[in-house]
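Pasted below: my_file_11.cif, mmCIF, C-alpha atoms.
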```cif
data_coords
#
loop_
_atom_site.group_PDB
_atom_site.id
_atom_site.type_symbol
_atom_site.label_atom_id
_atom_site.label_comp_id
_atom_site.auth_asym_id
_atom_site.auth_seq_id
_atom_site.Cartn_x
_atom_site.Cartn_y
_atom_site.Cartn_z
ATOM 1 C CA MET A 1 7.833 0.336 13.244
ATOM 2 C CA HIS A 2 5.873 0.052 10.008
ATOM 3 C CA ARG A 3 4.322 3.164 8.487
ATOM 4 C CA PHE A 4 1.154 1.249 7.542
ATOM 5 C CA LYS A 5 -0.758 -1.546 9.227
ATOM 6 C CA THR A 6 -3.099 -4.187 7.848
ATOM 7 C CA GLY A 7 -6.418 -2.585 6.901
ATOM 8 C CA ASP A 8 -5.001 0.898 6.231
ATOM 9 C CA ARG A 9 -6.234 2.637 3.097
ATOM 10 C CA VAL A 10 -3.463 3.687 0.723
ATOM 11 C CA ARG A 11 -2.901 5.140 -2.736
ATOM 12 C CA VAL A 12 -0.094 4.198 -5.105
ATOM 13 C CA SER A 13 2.026 7.328 -5.491
ATOM 14 C CA PHE A 14 1.902 9.302 -8.742
ATOM 15 C CA THR A 15 5.673 9.779 -8.395
ATOM 16 C CA GLN A 16 6.140 6.128 -9.340
ATOM 17 C CA GLU A 17 6.047 4.990 -12.948
ATOM 18 C CA SER A 18 3.430 2.325 -12.495
ATOM 19 C CA ALA A 19 0.206 1.279 -14.148
ATOM 20 C CA TYR A 20 -1.210 1.416 -10.600
ATOM 21 C CA ALA A 21 -0.284 5.091 -9.959
ATOM 22 C CA GLY A 22 -3.235 6.828 -8.298
ATOM 23 C CA SER A 23 -5.050 3.572 -7.531
ATOM 24 C CA HIS A 24 -6.487 3.127 -4.039
ATOM 25 C CA GLY A 25 -6.402 -0.071 -2.023
ATOM 26 C CA ILE A 26 -6.133 -1.600 1.426
ATOM 27 C CA ILE A 27 -2.991 -2.998 3.063
ATOM 28 C CA ASP A 28 -3.476 -6.772 3.116
ATOM 29 C CA GLY A 29 -0.030 -7.849 4.304
ATOM 30 C CA ILE A 30 3.368 -6.600 5.427
ATOM 31 C CA VAL A 31 6.814 -8.008 4.618
ATOM 32 C CA PRO A 32 9.341 -6.258 6.877
ATOM 33 C CA HIS A 33 12.841 -5.623 5.562
ATOM 34 C CA PRO A 34 15.218 -8.179 7.155
ATOM 35 C CA ARG A 35 17.535 -5.419 8.411
ATOM 36 C CA LYS A 36 14.659 -3.344 9.800
ATOM 37 C CA ILE A 37 14.986 -0.607 7.159
ATOM 38 C CA THR A 38 11.373 0.589 7.170
ATOM 39 C CA GLN A 39 11.697 2.456 3.856
ATOM 40 C CA LEU A 40 12.328 -0.939 2.271
ATOM 41 C CA ASP A 41 9.357 -2.689 3.889
ATOM 42 C CA SER A 42 7.073 -4.284 1.324
ATOM 43 C CA TYR A 43 3.291 -4.105 1.545
ATOM 44 C CA THR A 44 0.684 -6.224 -0.198
ATOM 45 C CA VAL A 45 -2.142 -3.988 -1.406
ATOM 46 C CA LEU A 46 -5.597 -5.375 -2.160
ATOM 47 C CA PHE A 47 -7.464 -3.398 -4.808
ATOM 48 C CA SER A 48 -11.240 -3.145 -5.121
ATOM 49 C CA TRP A 49 -11.231 -5.377 -8.226
ATOM 50 C CA GLY A 50 -9.654 -8.202 -6.185
ATOM 51 C CA GLU A 51 -6.061 -7.972 -7.425
ATOM 52 C CA LYS A 52 -3.164 -8.010 -4.955
ATOM 53 C CA LYS A 53 0.187 -6.353 -5.696
ATOM 54 C CA ASN A 54 3.335 -5.703 -3.635
ATOM 55 C CA PHE A 55 4.772 -2.202 -3.240
ATOM 56 C CA PHE A 56 7.627 -0.698 -1.257
ATOM 57 C CA ASP A 57 6.883 1.847 1.463
ATOM 58 C CA ALA A 58 8.050 4.770 -0.708
ATOM 59 C CA GLN A 59 5.560 3.821 -3.436
ATOM 60 C CA LEU A 60 2.524 4.289 -1.174
ATOM 61 C CA GLU A 61 0.701 7.251 0.352
ATOM 62 C CA ALA A 62 -1.749 7.205 3.250
ATOM 63 C CA VAL A 63 -5.389 7.973 2.436
ATOM 64 C CA ALA A 64 -7.345 9.752 5.169
ATOM 65 C CA ASP A 65 -10.743 8.810 3.716
ATOM 66 C CA LYS A 66 -12.465 6.384 6.115
ATOM 67 C CA LYS A 67 -15.114 5.225 3.622
ATOM 68 C CA PRO A 68 -15.183 1.446 3.071
ATOM 69 C CA MET A 69 -13.806 0.234 -0.238
ATOM 70 C CA GLN A 70 -16.541 -0.380 -2.810
ATOM 71 C CA GLU A 71 -16.805 -3.886 -4.141
#
```

Transcribe the structure of this file into structure tokens.
Amino acid sequence: MHRFKTGDRVRVSFTQESAYAGSHGIIDGIVPHPRKITQLDSYTVLFSWGEKKNFFDAQLEAVADKKPMQE
């Protein structure tokens, strides 16, 4: 079972060396790992500025805030 589902709000983890660290977005797509290793699932994240980027499960954190993303 996937940790996130389409529409979930997430933040790119600060533990990752990424230009996106700390950025918030919405899960736009899920690419399950072929051997069902959920830690290696890949998620497409849609950011408020319209960019989409793929991240592994371990690179993302759930965001409890239910506010809609600002456009």

Enter the distance from CA of His33 (chain A) to CA of Ser18 (chain A), in Å, rounded to one decimal.
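The value is 21.9 Å.
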
Taking the file above as input, evaluate the PyMOL selection byres ((chain A and resi 11) around 9) and report the hits as a count of residues only.
17

Distance cut-off 7 Å, centre (-3.8, -4.1, 2.5) in file coordinates, counting only C-alpha atoms: which residues qualify? Return them as a list in words.
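Checked against the point, the hits come out as Thr6, Gly7, Asp8, Gly25, Ile26, Ile27, Asp28, Gly29, Thr44, Val45 and Leu46 of chain A.
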
Which residues are close to Met1 (chain A), i.e. within 12 Å by only C-alpha atoms, leaving aside same-chain residues fewer than 4 positions away? Reply as an MDAnalysis selection string.
chainID A and resid 5 30 32:33 36:41 57

Length of the CA of Phe55 (chain A) to CA of Arg3 (chain A) vector [Å]
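Separation of CA of Phe55 (chain A) and CA of Arg3 (chain A): 12.9 Å.
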
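For the pair CA of Ala64 (chain A) and CA of Glu17 (chain A), the interatomic distance is 23.0 Å.
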
Nearest to Ala19 (chain A) among A:Arg35, A:Tyr43, A:Phe4, A:Lys53, with distances taken over all atoms listed in the file: which residue is it?
A:Lys53

Centre and edge lengths, as lines of an AutoDock Vina configuration file, for the axis-aligned box enclosing every listed atom of region 16-29 of chain A with 4 Å of padding on each of the six sides, in Å to one decimal?
```
center_x = -0.2
center_y = -0.5
center_z = -4.9
size_x = 20.6
size_y = 22.7
size_z = 26.5
```

With N, CA and C atoms as the target, complete region 33-48 of chain A and hand it back as a PDB file, in the coordinates of the input.
```
ATOM      1  N   HIS A  33      11.485  -5.477   6.086  1.00  0.00           N
ATOM      2  CA  HIS A  33      12.841  -5.623   5.562  1.00  0.00           C
ATOM      3  C   HIS A  33      13.660  -6.383   6.607  1.00  0.00           C
ATOM      4  N   PRO A  34      14.476  -7.359   6.190  1.00  0.00           N
ATOM      5  CA  PRO A  34      15.218  -8.179   7.155  1.00  0.00           C
ATOM      6  C   PRO A  34      16.172  -7.384   8.056  1.00  0.00           C
ATOM      7  N   ARG A  35      16.628  -6.234   7.588  1.00  0.00           N
ATOM      8  CA  ARG A  35      17.535  -5.419   8.411  1.00  0.00           C
ATOM      9  C   ARG A  35      16.814  -4.250   9.080  1.00  0.00           C
ATOM     10  N   LYS A  36      15.490  -4.346   9.121  1.00  0.00           N
ATOM     11  CA  LYS A  36      14.659  -3.344   9.800  1.00  0.00           C
ATOM     12  C   LYS A  36      14.735  -1.948   9.176  1.00  0.00           C
ATOM     13  N   ILE A  37      14.982  -1.880   7.876  1.00  0.00           N
ATOM     14  CA  ILE A  37      14.986  -0.607   7.159  1.00  0.00           C
ATOM     15  C   ILE A  37      13.554  -0.375   6.684  1.00  0.00           C
ATOM     16  N   THR A  38      12.816   0.457   7.427  1.00  0.00           N
ATOM     17  CA  THR A  38      11.373   0.589   7.170  1.00  0.00           C
ATOM     18  C   THR A  38      11.058   1.129   5.780  1.00  0.00           C
ATOM     19  N   GLN A  39      11.944   1.936   5.201  1.00  0.00           N
ATOM     20  CA  GLN A  39      11.697   2.456   3.856  1.00  0.00           C
ATOM     21  C   GLN A  39      11.711   1.338   2.817  1.00  0.00           C
ATOM     22  N   LEU A  40      12.272   0.197   3.187  1.00  0.00           N
ATOM     23  CA  LEU A  40      12.328  -0.939   2.271  1.00  0.00           C
ATOM     24  C   LEU A  40      11.341  -2.048   2.644  1.00  0.00           C
ATOM     25  N   ASP A  41      10.432  -1.743   3.595  1.00  0.00           N
ATOM     26  CA  ASP A  41       9.357  -2.689   3.889  1.00  0.00           C
ATOM     27  C   ASP A  41       8.503  -2.847   2.635  1.00  0.00           C
ATOM     28  N   SER A  42       7.945  -4.012   2.457  1.00  0.00           N
ATOM     29  CA  SER A  42       7.073  -4.284   1.324  1.00  0.00           C
ATOM     30  C   SER A  42       5.663  -4.522   1.851  1.00  0.00           C
ATOM     31  N   TYR A  43       4.698  -3.971   1.142  1.00  0.00           N
ATOM     32  CA  TYR A  43       3.291  -4.105   1.545  1.00  0.00           C
ATOM     33  C   TYR A  43       2.494  -4.735   0.412  1.00  0.00           C
ATOM     34  N   THR A  44       1.623  -5.665   0.768  1.00  0.00           N
ATOM     35  CA  THR A  44       0.684  -6.224  -0.198  1.00  0.00           C
ATOM     36  C   THR A  44      -0.575  -5.374  -0.153  1.00  0.00           C
ATOM     37  N   VAL A  45      -0.959  -4.847  -1.309  1.00  0.00           N
ATOM     38  CA  VAL A  45      -2.142  -3.988  -1.406  1.00  0.00           C
ATOM     39  C   VAL A  45      -3.236  -4.752  -2.141  1.00  0.00           C
ATOM     40  N   LEU A  46      -4.418  -4.763  -1.551  1.00  0.00           N
ATOM     41  CA  LEU A  46      -5.597  -5.375  -2.160  1.00  0.00           C
ATOM     42  C   LEU A  46      -6.434  -4.269  -2.784  1.00  0.00           C
ATOM     43  N   PHE A  47      -6.670  -4.382  -4.085  1.00  0.00           N
ATOM     44  CA  PHE A  47      -7.464  -3.398  -4.808  1.00  0.00           C
ATOM     45  C   PHE A  47      -8.926  -3.831  -4.866  1.00  0.00           C
ATOM     46  N   SER A  48      -9.800  -2.873  -5.133  1.00  0.00           N
ATOM     47  CA  SER A  48     -11.240  -3.145  -5.121  1.00  0.00           C
ATOM     48  C   SER A  48     -11.658  -4.208  -6.138  1.00  0.00           C
TER      49      SER A  48
END
```
